[in-house]
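Here's the structure, in structure tokens; my notes come after.
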Amino acid sequence: MPQFKTFTGGPYETNCFLLGAPGGAVLFDAPEGADVRFAGEKIGLLVLTHGHWDHTADAAAVQRRHGCPVACHADTVPMLSDPDFFERSGFPLRIETLQPDRILAGGGGQDFLGRSLDVLEVPGHCPGSLCFHSPDDGLLVGGDVLFRGGIGRWDLPGGDGELLVRGIREKLFPLPEATVVLPGHGPSTTLGDEKAGNPFLRG
């Protein structure tokens, strides 16, 4: 398994992960506090699993400090570039906006600063939600798709519980059961453990 660092920040205790790559460090998500926590690192790329505020609160600050490009799904772009997006959805939140540099879509063997990752589109928690699988390392950066004993909530705007469950079963569960899941909230787990015991995914 590759070297990575974890930080948990913000009011929702959101996880982010700094993963080493040949071309520099890749930061997956940027919750509140991530900019200060990783100020001493050389971040070469910020990748966002989805656009919810708790995962992107420090995205603009990280981009500004490190001069790094930001990558996300096309459906995430309005959540990053429109300062009124969340207020229109009923949440009293205003963000520091940014424009992503790289638009991601599903597909295998994509390059992230010299590290090859498979990008899996698994919406349902949020439009444009992505997971990132490293087959060589047996690792999955899962965002808010799959948790230990749970799955992402689907009662927020754009959520769809049936779509989320179907995506987990069709796109994540075929991966090796030993794959370690690094989730957006809570402790890590494995795909095998969630296949066997996750109450949201039985039947």
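Ordering of the structure tokens sets the chain letters (A, B, ...), residue numbers begin anew at 1 in every chain, and ligands are numbered from 1 in the order given.
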Which range 67-100 of chain A residues have any atom within 12 Å of an atom of range 107-118 of chain A, and for each, what is the nearest pair of atoms with distance in Å to one decimal, counting only C-alpha atoms, rows sorted by chain and number, as JSON lines?
```
{"residue": "A:Cys68", "atom": "CA", "partner": "A:Leu113", "partner_atom": "CA", "distance": 11.3}
{"residue": "A:Pro69", "atom": "CA", "partner": "A:Leu113", "partner_atom": "CA", "distance": 11.0}
{"residue": "A:Val70", "atom": "CA", "partner": "A:Phe112", "partner_atom": "CA", "distance": 11.3}
{"residue": "A:Ala71", "atom": "CA", "partner": "A:Phe112", "partner_atom": "CA", "distance": 9.8}
```
Quiz item: Quick one: DSSP alpha helix (DSSP H) residues in range 6-184 of chain A, as a PyMOL selection string?
Solution: chain A and resi 34-37+53-56+59-66+77-81+85-88+161-167
Exercise. Mind checking which residues fall within 10 Å of Lys42 in chain A, counting only C-alpha atoms, ignoring those fewer than 6 positions away in the same chain, and posting them as a ChimeraX atom specification?
Key: /A:24-27,65-68
For those residues, write N, CA and C atoms to a file as a PDB file, in the first residue's frame.
```pdb
ATOM      1  N   GLY A  24       4.511  14.076  -7.511  1.00  0.00           N
ATOM      2  CA  GLY A  24       4.135  14.948  -6.403  1.00  0.00           C
ATOM      3  C   GLY A  24       2.986  14.361  -5.620  1.00  0.00           C
ATOM      4  N   ALA A  25       2.533  15.084  -4.618  1.00  0.00           N
ATOM      5  CA  ALA A  25       1.460  14.591  -3.765  1.00  0.00           C
ATOM      6  C   ALA A  25       0.098  14.942  -4.346  1.00  0.00           C
ATOM      7  N   VAL A  26      -0.834  13.987  -4.242  1.00  0.00           N
ATOM      8  CA  VAL A  26      -2.210  14.186  -4.674  1.00  0.00           C
ATOM      9  C   VAL A  26      -3.082  14.262  -3.426  1.00  0.00           C
ATOM     10  N   LEU A  27      -3.831  15.348  -3.288  1.00  0.00           N
ATOM     11  CA  LEU A  27      -4.750  15.496  -2.161  1.00  0.00           C
ATOM     12  C   LEU A  27      -6.157  15.200  -2.638  1.00  0.00           C
ATOM     13  N   ARG A  65      -2.506  28.331  -2.350  1.00  0.00           N
ATOM     14  CA  ARG A  65      -1.226  28.147  -1.657  1.00  0.00           C
ATOM     15  C   ARG A  65      -0.223  27.355  -2.512  1.00  0.00           C
ATOM     16  N   HIS A  66      -0.711  26.308  -3.171  1.00  0.00           N
ATOM     17  CA  HIS A  66       0.205  25.392  -3.859  1.00  0.00           C
ATOM     18  C   HIS A  66       0.264  25.623  -5.364  1.00  0.00           C
ATOM     19  N   GLY A  67      -0.648  26.438  -5.892  1.00  0.00           N
ATOM     20  CA  GLY A  67      -0.676  26.652  -7.332  1.00  0.00           C
ATOM     21  C   GLY A  67      -0.981  25.387  -8.103  1.00  0.00           C
ATOM     22  N   CYS A  68      -1.740  24.492  -7.473  1.00  0.00           N
ATOM     23  CA  CYS A  68      -1.984  23.180  -8.083  1.00  0.00           C
ATOM     24  C   CYS A  68      -3.294  23.174  -8.861  1.00  0.00           C
TER      25      CYS A  68
END
```
Practice problem: Please give the complete set of residues from chain A that DSSP, run on the backbone, assigns to strand (DSSP E or B), formatted as a PyMOL selection string. | Solution: chain A and resi 4-9+14-21+24-28+43-47+70-73+102-104+107-112+115-121+130-134+139-143+146-147+150-151+180-183+185+189-190
Requested write-out: C-alpha atoms of the selected residues, as a short mmCIF file (atom, residue, chain, number, x, y, z; two decimals), in the first residue's frame:
```cif
data_model
loop_
_atom_site.label_atom_id
_atom_site.label_comp_id
_atom_site.auth_asym_id
_atom_site.auth_seq_id
_atom_site.Cartn_x
_atom_site.Cartn_y
_atom_site.Cartn_z
CA PHE A 4 -0.56 8.41 2.51
CA LYS A 5 -1.52 10.91 5.17
CA THR A 6 -4.99 11.46 6.57
CA PHE A 7 -6.63 14.59 7.95
CA THR A 8 -10.11 14.92 9.40
CA GLY A 9 -11.55 18.42 9.60
CA THR A 14 -14.66 14.98 6.92
CA ASN A 15 -11.67 12.89 5.87
CA CYS A 16 -9.14 13.80 3.23
CA PHE A 17 -6.13 11.84 2.04
CA LEU A 18 -2.73 12.93 0.76
CA LEU A 19 -1.32 10.22 -1.49
CA GLY A 20 2.20 10.13 -2.81
CA ALA A 21 2.79 9.89 -6.55
CA GLY A 24 4.13 14.95 -6.40
CA ALA A 25 1.46 14.59 -3.76
CA VAL A 26 -2.21 14.19 -4.67
CA LEU A 27 -4.75 15.50 -2.16
CA PHE A 28 -8.19 13.92 -2.28
CA ILE A 43 0.64 19.33 -3.34
CA GLY A 44 0.72 18.86 -7.08
CA LEU A 45 -2.95 18.05 -7.65
CA LEU A 46 -6.20 18.44 -5.73
CA VAL A 47 -8.86 15.87 -6.62
CA VAL A 70 -8.03 20.99 -9.33
CA ALA A 71 -9.75 17.94 -10.83
CA CYS A 72 -13.40 16.92 -10.48
CA HIS A 73 -16.43 15.59 -12.34
CA ARG A 102 -9.35 19.06 -15.18
CA ILE A 103 -12.70 17.37 -15.74
CA LEU A 104 -12.83 13.71 -14.79
CA GLY A 107 -12.46 5.06 -16.92
CA GLY A 108 -9.49 2.87 -16.11
CA GLY A 109 -5.81 3.65 -15.97
CA GLN A 110 -6.00 7.44 -15.68
CA ASP A 111 -2.84 9.34 -14.80
CA PHE A 112 -2.61 11.30 -11.55
CA ARG A 115 0.10 7.20 -10.44
CA SER A 116 -2.44 5.17 -12.39
CA LEU A 117 -5.94 5.11 -10.92
CA ASP A 118 -9.25 3.82 -12.15
CA VAL A 119 -12.00 6.45 -11.89
CA LEU A 120 -15.43 5.09 -10.99
CA GLU A 121 -18.56 7.21 -11.34
CA LEU A 130 -16.38 9.69 -7.92
CA CYS A 131 -14.31 6.89 -6.38
CA PHE A 132 -10.65 6.29 -7.18
CA HIS A 133 -9.25 2.75 -7.26
CA SER A 134 -5.59 1.81 -7.22
CA LEU A 139 -6.90 0.92 -2.25
CA LEU A 140 -10.13 2.80 -2.93
CA VAL A 141 -10.63 6.48 -2.15
CA GLY A 142 -14.38 6.35 -1.73
CA GLY A 143 -15.70 9.82 -0.92
CA LEU A 146 -19.44 3.66 1.03
CA PHE A 147 -18.66 3.76 4.75
CA GLY A 150 -23.15 2.54 6.00
CA ILE A 151 -23.51 4.36 2.70
CA VAL A 180 -9.16 -1.05 1.58
CA VAL A 181 -11.78 1.70 1.42
CA LEU A 182 -10.74 5.18 2.56
CA PRO A 183 -14.11 6.88 3.12
CA HIS A 185 -16.23 10.04 6.98
CA THR A 189 -13.01 -0.65 5.93
CA THR A 190 -12.69 -3.30 3.23
#
```
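If you look at CA of Pro100 in chain A and CA of Ala61 in chain A, they are 13.2 Å away from each other.
Coordinates place CA of Gly197 in chain A at a distance of 18.6 Å from CA of Glu162 in chain A.
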Self-check item: Selected residue, from A:Gly149, A:Gly186, A:Gly161, A:Gly138, that lies nearest to Pro199 in chain A when counting only C-alpha atoms
Solution: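 Using only C-alpha atoms, the shortest distance to Pro199 in chain A belongs to A:Gly149.
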Quiz item: Quick one: residues within 7 Å of Glu32 in chain A, only C-alpha atoms counted, chain neighbours fewer than 5 positions away excluded, as a list in words?
Solution: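 The residues that qualify are Gly9, Gly10, Ala57 and Asp58 of chain A.
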Could you save the residues just selected, with N, CA and C atoms, as a tab-separated table (two decimals), in the first residue's frame?
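File out-v1.tsv, as written:
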```tsv
chain	number	residue	atom	x	y	z
A	9	GLY	N	-11.29	17.04	9.22
A	9	GLY	CA	-11.55	18.42	9.60
A	9	GLY	C	-12.98	18.84	9.35
A	10	GLY	N	-13.31	20.02	9.89
A	10	GLY	CA	-14.62	20.61	9.68
A	10	GLY	C	-15.67	20.07	10.62
A	57	ALA	N	-14.41	22.86	1.32
A	57	ALA	CA	-14.33	24.14	2.02
A	57	ALA	C	-12.98	24.82	1.85
A	58	ASP	N	-11.90	24.05	1.83
A	58	ASP	CA	-10.56	24.62	1.70
A	58	ASP	C	-9.97	24.45	0.30
```
